[in-house]
file model-v8.csv (CSV, C-alpha atoms and all ligand atoms)
chain,number,residue,atom,x,y,z
V,65,MET,CA,-52.7,55.0,-6.7
V,66,ASN,CA,-51.9,58.3,-8.1
V,67,THR,CA,-50.3,61.6,-7.2
V,68,THR,CA,-52.0,64.9,-7.8
V,69,ALA,CA,-50.6,67.2,-10.5
V,70,THR,CA,-49.8,70.7,-9.6
V,71,GLN,CA,-50.2,73.8,-11.7
V,72,THR,CA,-50.3,77.5,-11.3
V,73,LYS,CA,-53.9,78.4,-12.1
V,74,SER,CA,-53.3,82.0,-13.1
V,75,THR,CA,-50.1,83.9,-13.7
V,76,ALA,CA,-52.1,87.1,-13.0
V,77,HIS,CA,-51.6,86.6,-9.3
V,78,GLY,CA,-48.0,85.7,-9.4
V,79,GLY,CA,-47.7,82.0,-8.7
V,80,VAL,CA,-45.2,80.6,-6.4
V,81,GLY,CA,-41.7,81.9,-6.5
V,82,ALA,CA,-42.7,85.2,-8.2
V,83,SER,CA,-41.4,88.3,-6.4
V,84,THR,CA,-44.0,90.6,-4.9
V,85,ALA,CA,-44.3,93.1,-2.1
V,86,HIS,CA,-44.0,91.3,1.2
V,87,SER,CA,-43.6,92.3,4.8
V,88,GLU,CA,-43.2,96.0,3.9
V,89,GLY,CA,-46.4,96.0,1.8
V,90,HIS,CA,-49.4,98.1,3.0
V,91,ALA,CA,-53.1,97.2,3.3
V,92,GLN,CA,-55.4,99.4,5.1
V,93,GLY,CA,-52.4,101.3,6.4
V,94,GLY,CA,-50.7,98.2,8.1
V,95,LYS,CA,-47.8,96.0,7.3
V,96,THR,CA,-48.6,93.0,5.1
V,97,PHE,CA,-46.9,89.8,4.2
V,98,ASP,CA,-47.5,87.2,1.4
V,99,VAL,CA,-49.0,83.8,1.9
V,100,ARG,CA,-48.9,81.3,-0.9
V,101,ILE,CA,-51.2,78.4,-0.6
V,102,LEU,CA,-51.4,75.2,-2.6
V,103,ARG,CA,-55.1,74.8,-3.2
V,104,GLN,CA,-57.2,71.9,-4.5
V,105,ASP,CA,-60.9,72.1,-5.0
V,106,GLY,CA,-61.7,68.4,-4.3
V,107,PRO,CA,-60.3,64.9,-4.2
V,108,GLY,CA,-58.2,64.0,-7.3
V,109,GLU,CA,-58.5,67.5,-8.8
V,110,THR,CA,-55.5,69.4,-10.1
V,111,SER,CA,-53.9,71.6,-7.4
V,112,TYR,CA,-52.9,75.3,-8.0
V,113,TRP,CA,-51.1,78.0,-6.2
V,114,GLU,CA,-52.9,81.0,-4.9
V,115,ARG,CA,-51.3,84.1,-3.4
V,116,HIS,CA,-52.8,86.1,-0.5
V,117,ARG,CA,-51.7,89.2,1.2
V,118,VAL,CA,-52.4,89.3,4.9
V,119,GLU,CA,-52.2,92.2,7.3
V,120,HIS,CA,-49.7,91.7,10.0
V,121,GLU,CA,-50.7,91.6,13.7
V,122,PRO,CA,-48.6,90.8,16.7
V,123,ASP,CA,-48.4,87.2,17.9
V,124,MET,CA,-50.1,85.6,14.8
V,125,ASN,CA,-49.9,81.9,14.2
V,126,VAL,CA,-50.6,80.2,10.9
V,127,ILE,CA,-54.2,79.4,11.9
V,128,SER,CA,-54.9,83.1,12.6
V,129,VAL,CA,-53.5,83.8,9.1
V,130,LEU,CA,-55.9,81.3,7.6
V,131,GLN,CA,-58.8,82.8,9.5
V,132,LYS,CA,-57.9,86.2,8.1
V,133,ILE,CA,-57.7,84.8,4.6
V,134,ALA,CA,-61.1,83.1,5.0
V,135,ALA,CA,-62.7,86.3,6.3
V,136,VAL,CA,-61.5,88.3,3.3
V,137,ALA,CA,-62.0,85.5,0.7
V,138,ARG,CA,-60.0,87.5,-1.8
V,139,ALA,CA,-56.6,86.7,-3.5
V,140,ALA,CA,-53.8,89.1,-3.5
V,141,ASP,CA,-54.8,90.3,-7.0
V,142,GLY,CA,-58.2,91.2,-5.7
V,143,ARG,CA,-60.2,88.3,-7.2
V,144,GLY,CA,-63.0,86.9,-5.0
V,145,VAL,CA,-62.1,83.3,-4.1
V,146,ALA,CA,-63.6,80.5,-2.1
V,147,PRO,CA,-62.3,80.5,1.5
V,148,VAL,CA,-59.4,78.2,2.0
V,149,ALA,CA,-60.3,75.0,3.9
V,150,TRP,CA,-58.1,73.7,6.7
V,151,ASP,CA,-58.4,71.5,9.8
V,152,CYS,CA,-57.8,72.6,13.4
V,153,ASN,CA,-59.4,72.2,16.8
V,154,CYS,CA,-57.5,72.6,20.0
V,155,LEU,CA,-55.1,75.4,18.9
V,156,GLU,CA,-52.5,74.2,21.4
V,157,GLU,CA,-50.7,71.3,19.8
V,158,VAL,CA,-52.9,68.7,21.4
V,159,CYS,CA,-55.4,67.4,18.8
V,160,GLY,CA,-53.0,66.9,15.9
V,161,SER,CA,-55.5,68.0,13.3
V,162,CYS,CA,-53.7,71.1,11.9
V,163,THR,CA,-50.7,69.4,10.4
V,164,MET,CA,-49.6,70.9,7.1
V,165,LEU,CA,-46.4,71.8,5.3
V,166,VAL,CA,-45.3,75.3,6.4
V,167,ASN,CA,-42.4,76.6,4.3
V,168,GLY,CA,-41.8,73.0,3.2
V,169,ARG,CA,-41.7,71.6,6.8
V,170,THR,CA,-44.3,69.3,8.3
V,171,ARG,CA,-45.6,70.8,11.5
V,172,MET,CA,-48.6,72.0,13.5
V,173,ALA,CA,-50.1,75.2,12.0
V,174,CYS,CA,-51.3,76.3,15.4
V,175,SER,CA,-47.8,76.4,16.9
V,176,ALA,CA,-46.2,77.9,13.7
V,177,LEU,CA,-45.6,81.5,14.7
V,178,VAL,CA,-45.7,84.1,11.9
V,179,ASP,CA,-42.9,86.4,13.2
V,180,LYS,CA,-40.5,83.5,13.5
V,181,LEU,CA,-41.5,82.2,10.0
V,182,LEU,CA,-41.0,85.6,8.5
V,183,ALA,CA,-37.7,86.0,10.2
V,184,GLU,CA,-36.5,82.8,8.6
V,185,HIS,CA,-38.3,83.5,5.2
V,186,PRO,CA,-38.9,87.2,4.8
V,187,GLU,CA,-40.4,86.5,1.3
V,188,GLY,CA,-43.5,85.1,2.9
V,189,ILE,CA,-45.1,81.9,4.1
V,190,GLU,CA,-45.9,78.9,1.9
V,191,LEU,CA,-48.6,76.5,2.9
V,192,ARG,CA,-49.2,73.0,1.4
V,193,PRO,CA,-51.3,70.1,2.5
V,194,MET,CA,-49.5,67.0,3.7
V,195,SER,CA,-48.2,65.1,0.7
V,196,LYS,CA,-48.7,61.5,2.0
V,197,TYR,CA,-52.5,61.6,2.4
V,198,PRO,CA,-55.2,62.2,-0.2
V,199,VAL,CA,-56.4,65.8,-0.3
V,200,VAL,CA,-60.0,66.4,0.6
V,201,ARG,CA,-59.9,70.1,-0.1
V,202,ASP,CA,-57.1,72.7,0.1
V,203,LEU,CA,-55.1,72.0,3.3
V,204,VAL,CA,-57.5,69.3,4.5
V,205,VAL,CA,-56.4,65.7,4.0
V,206,GLY,CA,-58.0,62.3,4.6
V,207,ARG,CA,-56.2,60.6,7.5
V,208,GLN,CA,-58.1,57.3,7.5
V,209,ARG,CA,-55.0,55.4,6.8
V,210,MET,CA,-53.5,56.4,10.2
V,211,PHE,CA,-56.5,55.0,12.0
V,212,GLU,CA,-56.6,51.8,9.9
V,213,ALA,CA,-53.0,51.3,11.0
V,214,LEU,CA,-53.9,51.7,14.6
V,215,LYS,CA,-56.8,49.3,14.2
V,216,LYS,CA,-54.4,46.8,12.6
V,217,VAL,CA,-52.0,46.8,15.6
V,218,LYS,CA,-54.9,47.0,18.1
V,219,GLY,CA,-53.7,50.3,19.5
V,220,TRP,CA,-55.8,50.1,22.6
V,221,VAL,CA,-56.5,48.1,25.7
V,222,PRO,CA,-59.7,46.0,25.1
V,223,VAL,CA,-61.4,46.6,28.5
V,224,ASP,CA,-64.8,47.8,27.3
V,225,GLY,CA,-67.9,46.1,28.7
V,226,TYR,CA,-70.6,46.4,31.3
V,227,TYR,CA,-69.3,43.5,33.5
V,228,ASP,CA,-67.0,43.8,36.4
V,229,ALA,CA,-63.6,42.6,35.2
V,230,GLY,CA,-62.1,43.1,38.7
V,231,PRO,CA,-59.0,45.2,39.4
V,232,GLY,CA,-56.5,45.4,36.6
V,233,PRO,CA,-52.8,44.7,37.2
V,234,ARG,CA,-50.9,47.7,38.7
V,235,GLN,CA,-48.5,49.7,36.5
V,236,SER,CA,-45.0,50.0,38.1
V,237,PRO,CA,-43.3,53.5,38.1
V,238,GLU,CA,-40.8,52.1,35.6
V,239,GLN,CA,-43.6,51.0,33.3
V,240,GLN,CA,-45.2,54.4,33.6
V,241,GLN,CA,-42.0,56.1,32.7
V,242,THR,CA,-41.7,54.0,29.5
V,243,ILE,CA,-45.3,54.3,28.5
V,244,TYR,CA,-46.0,57.9,29.3
V,245,PRO,CA,-43.8,59.6,26.6
V,246,ILE,CA,-45.3,57.3,23.9
V,247,SER,CA,-48.8,57.9,25.1
V,248,GLU,CA,-48.3,61.6,24.2
V,249,CYS,CA,-48.7,60.8,20.5
V,250,ILE,CA,-51.4,63.1,19.0
V,251,SER,CA,-51.7,61.2,15.7
V,252,CYS,CA,-50.6,64.4,13.9
V,253,GLY,CA,-48.9,62.4,11.1
V,254,CYS,CA,-45.7,64.4,11.0
V,255,CYS,CA,-43.6,61.3,11.4
V,256,MET,CA,-45.3,59.6,8.5
V,257,GLU,CA,-45.1,62.7,6.3
V,258,ALA,CA,-41.4,62.9,6.8
V,259,CYS,CA,-40.7,59.2,6.4
V,260,PRO,CA,-39.1,58.2,3.0
V,261,GLN,CA,-40.6,54.7,3.3
V,262,TYR,CA,-44.2,56.0,3.8
V,263,HIS,CA,-45.7,56.4,0.3
V,264,LYS,CA,-48.9,58.1,-0.5
V,265,ILE,CA,-51.9,55.8,-1.2
V,266,GLU,CA,-54.7,57.5,-3.1
V,267,LEU,CA,-57.5,55.7,-4.9
V,268,SER,CA,-60.2,57.1,-7.1
V,269,ARG,CA,-63.8,55.9,-6.8
V,270,ARG,CA,-64.8,53.7,-9.7
V,271,GLU,CA,-67.9,54.4,-11.7
V,272,GLY,CA,-70.9,52.9,-10.0
V,273,GLU,CA,-68.9,52.0,-6.8
V,274,SER,CA,-70.9,52.7,-3.6
V,275,GLU,CA,-69.4,54.8,-0.9
V,276,GLU,CA,-69.1,51.7,1.3
V,277,ALA,CA,-67.4,49.6,-1.4
V,278,PHE,CA,-65.0,52.4,-2.1
V,279,ALA,CA,-64.1,52.8,1.6
V,280,ALA,CA,-63.6,49.0,2.0
V,281,ARG,CA,-61.3,48.9,-1.0
V,282,GLN,CA,-59.4,51.9,0.2
V,283,ASN,CA,-59.0,50.5,3.7
V,284,SER,CA,-57.7,47.2,2.3
V,285,PHE,CA,-54.9,49.2,0.5
V,286,TYR,CA,-54.3,51.2,3.6
V,287,ARG,CA,-53.9,48.1,5.7
V,288,ARG,CA,-51.2,46.8,3.3
V,289,GLY,CA,-49.2,50.1,3.2
V,290,PHE,CA,-46.4,50.9,5.7
V,291,ILE,CA,-48.0,51.5,9.1
V,292,GLY,CA,-45.4,54.2,10.0
V,293,ALA,CA,-43.4,55.1,13.1
V,294,ALA,CA,-46.3,56.4,15.3
V,295,THR,CA,-48.2,53.1,14.8
V,296,ILE,CA,-45.1,51.0,15.6
V,297,ALA,CA,-44.6,53.1,18.8
V,298,GLN,CA,-48.3,52.6,19.8
V,299,ALA,CA,-48.1,48.9,19.3
V,300,MET,CA,-45.1,48.8,21.7
V,301,ARG,CA,-46.9,51.2,24.1
V,302,PHE,CA,-49.8,48.8,24.5
V,303,ASN,CA,-47.6,45.8,24.7
V,304,TYR,CA,-45.7,47.5,27.7
V,305,ASP,CA,-49.1,48.0,29.4
V,306,PRO,CA,-49.7,45.2,32.0
V,307,THR,CA,-53.3,44.9,30.8
V,308,GLY,CA,-52.6,45.5,27.1
V,309,LYS,CA,-50.1,42.7,27.2
V,310,MET,CA,-52.9,40.1,26.8
V,311,ASN,CA,-53.0,41.1,23.1
V,312,ALA,CA,-49.2,41.4,22.7
V,313,SER,CA,-48.8,38.5,20.2
V,314,GLU,CA,-51.6,39.9,18.0
V,315,ARG,CA,-49.7,43.3,17.9
V,316,LEU,CA,-46.4,41.6,17.1
V,317,GLU,CA,-48.1,39.6,14.3
V,318,ALA,CA,-49.4,42.8,12.9
V,319,LEU,CA,-46.0,44.4,13.1
V,320,MET,CA,-44.6,41.5,11.2
V,321,SER,CA,-47.3,41.5,8.5
V,322,GLU,CA,-47.2,43.3,5.1
V,323,GLY,CA,-46.6,47.0,5.7
V,324,GLY,CA,-45.1,46.3,9.1
V,325,ILE,CA,-41.7,47.0,10.8
V,326,GLN,CA,-39.7,45.5,8.0
V,327,ASP,CA,-40.6,48.5,5.8
V,328,CYS,CA,-38.7,50.9,8.1
V,329,GLY,CA,-35.4,51.9,6.5
V,330,ASN,CA,-34.1,53.5,9.7
V,331,ALA,CA,-33.7,56.9,8.1
V,332,GLN,CA,-34.7,58.5,11.4
V,333,ASN,CA,-36.6,61.4,9.8
V,334,CYS,CA,-39.6,60.5,12.0
V,335,VAL,CA,-38.0,61.3,15.3
V,336,ALA,CA,-36.6,64.6,14.0
V,337,VAL,CA,-40.1,66.0,13.3
V,338,CYS,CA,-42.2,64.7,16.1
V,339,PRO,CA,-43.7,67.7,17.9
V,340,LYS,CA,-44.0,65.6,21.1
V,341,GLU,CA,-40.4,64.3,20.9
V,342,ILE,CA,-41.5,60.7,21.2
V,343,PRO,CA,-38.5,58.3,21.2
V,344,LEU,CA,-39.7,56.8,17.9
V,345,THR,CA,-36.4,55.2,16.8
V,346,ARG,CA,-35.9,53.7,20.2
V,347,GLU,CA,-39.3,52.1,20.0
V,348,ILE,CA,-38.7,51.0,16.4
V,349,ALA,CA,-35.5,49.3,17.5
V,350,ARG,CA,-37.4,47.6,20.5
V,351,ALA,CA,-40.2,46.5,18.1
V,352,GLY,CA,-37.5,45.0,15.9
V,353,ARG,CA,-36.1,43.0,18.7
V,354,ALA,CA,-39.5,42.0,20.1
V,355,THR,CA,-40.7,40.7,16.7
V,356,THR,CA,-37.4,38.8,16.2
V,357,VAL,CA,-37.7,37.1,19.6
V,358,TYR,CA,-41.4,36.4,18.9
V,359,ALA,CA,-40.7,34.8,15.5
V,360,ILE,CA,-37.9,32.6,16.9
V,361,LYS,CA,-40.1,31.5,19.8
V,362,LYS,CA,-42.8,30.6,17.4
V,363,ILE,CA,-40.5,28.3,15.5
V,364,PHE,CA,-39.5,26.5,18.7
V,365,ASP,CA,-43.1,26.3,20.0
V,366,ARG,CA,-44.3,24.4,16.9
P,401,LIG,S1,-36.8,55.4,11.0
P,401,LIG,FE1,-38.3,54.2,9.8
P,401,LIG,S2,-40.3,55.1,10.3
P,401,LIG,FE2,-38.7,56.6,10.9
P,401,LIG,S3,-38.5,57.9,9.1
P,401,LIG,FE3,-37.0,56.3,8.9
P,401,LIG,S4,-38.0,54.7,7.7
P,401,LIG,FE4,-39.6,56.0,8.4
P,402,LIG,S1,-45.3,59.9,16.9
P,402,LIG,FE1,-45.1,62.2,17.0
P,402,LIG,S2,-45.1,62.9,14.9
P,402,LIG,FE2,-45.9,60.8,14.8
P,402,LIG,S3,-48.1,61.0,14.9
P,402,LIG,FE3,-47.4,60.8,17.0
P,402,LIG,S4,-47.1,62.9,17.8
P,402,LIG,FE4,-47.2,63.0,15.5
P,403,LIG,S1,-55.2,72.7,16.3
P,403,LIG,FE1,-54.9,71.0,17.5
P,403,LIG,S2,-52.8,70.6,17.2
P,403,LIG,FE2,-53.1,72.4,16.1

call {"tool": "encode", "arguments": {"input": "model-v8.csv", "output": "structure tokens", "more": "lines below"}}
Ligand code: SF4
Ligand code: SF4
Ligand code: FES
result
Amino acid sequence: MNTTATQTKSTAHGGVGASTAHSEGHAQGGKTFDVRILRQDGPGETSYWERHRVEHEPDMNVISVLQKIAAVARAADGRGVAPVAWDCNCLEEVCGSCTMLVNGRTRMACSALVDKLLAEHPEGIELRPMSKYPVVRDLVVGRQRMFEALKKVKGWVPVDGYYDAGPGPRQSPEQQQTIYPISECISCGCCMEACPQYHKIELSRREGESEEAFAARQNSFYRRGFIGAATIAQAMRFNYDPTGKMNASERLEALMSEGGIQDCGNAQNCVAVCPKEIPLTREIARAGRATTVYAIKKIFDR
């Protein structure tokens, strides 16, 4: 495991924290604002700050800022630079792919509105990749760990197949009301990013190690790391499901294994940052009770 060192690549373009012209600056006759981006050219490389000046337009969000930066591909000091890389898809807080640290706060870039950000921080906007996942490039991170955790707790209902399994059990309105809010999770990772118990796992590829061998080694580390609030909530969501219940004991076993619910320190940061307002701490508490009851029952069933 390692953490990536950060440095300012060139003082010529200011670096973070340096004072510059901001929202009152002028480019092509319009108002401009500063955007500082923590960039990284590839996995395990040293990161560096780069400053950009962006022309202001009404109703911009952080994704439109990044699109403008990519189109110009020039830093604030006029140097031609490679376009900044970032992830996005739906642009309406549904896909969960655009999570980054905007002015130090983990959030969706597509719903981060520039005018609001500048009102809070007139000196400009600072963008960093999530700190708990390995950087692939610039603001793009590898989220495989999230999906390994979902696999570990069997975060699905196993009903695939070409045979007729007959009608499934009905979901009661009460079950729907419990399940629906949890099913709104978009795997954005904000809750994991904010969690003090969720530590970054980043491995480097060994010399001569094949891509497959590296992925297998990495996944084995991921599967032992803390699964995080979203995964705990998903395990509960599928255990509430009348069909998903058939794998309830496997999910509870996964919640009790290394990296499971016992790693939660109940700091409650997760629930504060979830863009979908999922009742994470309620589900963590319920998962705690469910695993305790399950463990006691196991002793008496011996
Ligand atoms: S309550 Fe648990 S999962 Fe949520 S932030 Fe705290 S330690 Fe992390
Ligand atoms: S629980 Fe909320 S913060 Fe966590 S991944 Fe799901 S939507 Fe994102
Ligand atoms: S682009 Fe899909 S959530 Fe932001």

call {"tool": "residues_near_ligand", "arguments": {"input": "model-v8.csv", "ligand": "ligand LIG 401 (chain P)", "cutoff": "6 Å", "atoms": "all atoms listed in the file", "output": "number ranges by chain"}}
result
V: 259-261, 292-293, 328-334, 345

call {"tool": "write_last_selection", "arguments": {"input": "model-v8.csv", "atoms": "C-alpha atoms", "output": "PDB file, in the frame of the given file"}}
result
ATOM      1  CA  CYS V 259     -40.700  59.200   6.400  1.00  0.00           C
ATOM      2  CA  PRO V 260     -39.100  58.200   3.000  1.00  0.00           C
ATOM      3  CA  GLN V 261     -40.600  54.700   3.300  1.00  0.00           C
ATOM      4  CA  GLY V 292     -45.400  54.200  10.000  1.00  0.00           C
ATOM      5  CA  ALA V 293     -43.400  55.100  13.100  1.00  0.00           C
ATOM      6  CA  CYS V 328     -38.700  50.900   8.100  1.00  0.00           C
ATOM      7  CA  GLY V 329     -35.400  51.900   6.500  1.00  0.00           C
ATOM      8  CA  ASN V 330     -34.100  53.500   9.700  1.00  0.00           C
ATOM      9  CA  ALA V 331     -33.700  56.900   8.100  1.00  0.00           C
ATOM     10  CA  GLN V 332     -34.700  58.500  11.400  1.00  0.00           C
ATOM     11  CA  ASN V 333     -36.600  61.400   9.800  1.00  0.00           C
ATOM     12  CA  CYS V 334     -39.600  60.500  12.000  1.00  0.00           C
ATOM     13  CA  THR V 345     -36.400  55.200  16.800  1.00  0.00           C
TER      14      THR V 345
END

call {"tool": "closest_atom_pairs", "arguments": {"input": "model-v8.csv", "of": "chain V", "to": "ligand LIG 402 (chain P)", "cutoff": "6 Å", "atoms": "all atoms listed in the file", "output": "Markdown table"}}
result
| residue | atom | partner | partner_atom | distance |
| --- | --- | --- | --- | --- |
| V:Cys249 | CA | P:LIG402 | FE3 | 3.7 |
| V:Ile250 | CA | P:LIG402 | S4 | 4.5 |
| V:Ser251 | CA | P:LIG402 | S3 | 3.7 |
| V:Cys252 | CA | P:LIG402 | FE4 | 4.0 |
| V:Gly253 | CA | P:LIG402 | S3 | 4.1 |
| V:Cys254 | CA | P:LIG402 | S2 | 4.2 |
| V:Cys255 | CA | P:LIG402 | S2 | 4.1 |
| V:Ala294 | CA | P:LIG402 | S1 | 4.0 |
| V:Cys338 | CA | P:LIG402 | S2 | 3.6 |
| V:Pro339 | CA | P:LIG402 | FE1 | 5.7 |
| V:Lys340 | CA | P:LIG402 | S4 | 5.3 |
| V:Ile342 | CA | P:LIG402 | FE1 | 5.7 |

call {"tool": "residues_near_ligand", "arguments": {"input": "model-v8.csv", "ligand": "ligand LIG 403 (chain P)", "cutoff": "7 Å", "atoms": "all atoms listed in the file", "output": "number ranges by chain"}}
result
V: 152-163, 172-175

call {"tool": "residues_around", "arguments": {"input": "model-v8.csv", "residues": "Glu121 in chain V", "least_positions_apart": "2", "cutoff": "9 Å", "atoms": "all atoms listed in the file", "output": "count of residues only"}}
result
6

call {"tool": "residues_around", "arguments": {"input": "model-v8.csv", "residues": "Ala213 in chain V", "least_positions_apart": "5", "cutoff": "8 Å", "atoms": "all atoms listed in the file", "output": "list in words"}}
result
Tyr286, Arg287, Ile291 and Thr295 of chain V

call {"tool": "closest_residue", "arguments": {"input": "model-v8.csv", "among": "V:Asp179, V:Glu322, V:Glu347, V:Glu190", "to": "Met300 in chain V", "atoms": "all atoms listed in the file"}}
result
V:Glu347

call {"tool": "atom_distance", "arguments": {"input": "model-v8.csv", "atom1": "CA of Glu114 in chain V", "atom2": "CA of Ala139 in chain V"}}
result
6.9 Å

call {"tool": "closest_atom_pairs", "arguments": {"input": "model-v8.csv", "of": "range 238-316 of chain V", "to": "range 195-203 of chain V", "cutoff": "8 Å", "atoms": "only C-alpha atoms", "output": "Markdown table"}}
result
| residue | atom | partner | partner_atom | distance |
| --- | --- | --- | --- | --- |
| V:Met256 | CA | V:Lys196 | CA | 7.6 |
| V:Glu257 | CA | V:Lys196 | CA | 5.7 |
| V:Tyr262 | CA | V:Lys196 | CA | 7.3 |
| V:His263 | CA | V:Lys196 | CA | 6.2 |
| V:Lys264 | CA | V:Lys196 | CA | 4.2 |
| V:Ile265 | CA | V:Tyr197 | CA | 6.9 |
| V:Glu266 | CA | V:Pro198 | CA | 5.5 |

call {"tool": "atom_distance", "arguments": {"input": "model-v8.csv", "atom1": "CA of Pro237 in chain V", "atom2": "CA of Thr307 in chain V"}}
result
15.1 Å

call {"tool": "residues_near_point", "arguments": {"input": "model-v8.csv", "point": "(-54.3, 72.6, -1.1)", "cutoff": "6 Å", "atoms": "all atoms listed in the file", "output": "number ranges by chain"}}
result
V: 102-104, 192-193, 202-203

call {"tool": "write_last_selection", "arguments": {"input": "model-v8.csv", "atoms": "C-alpha atoms", "output": "CSV table (one decimal), in the frame of the given file"}}
result
chain,number,residue,atom,x,y,z
V,102,LEU,CA,-51.4,75.2,-2.6
V,103,ARG,CA,-55.1,74.8,-3.2
V,104,GLN,CA,-57.2,71.9,-4.5
V,192,ARG,CA,-49.2,73.0,1.4
V,193,PRO,CA,-51.3,70.1,2.5
V,202,ASP,CA,-57.1,72.7,0.1
V,203,LEU,CA,-55.1,72.0,3.3

call {"tool": "atom_distance", "arguments": {"input": "model-v8.csv", "atom1": "CA of Thr242 in chain V", "atom2": "CA of Ile296 in chain V"}}
result
14.6 Å
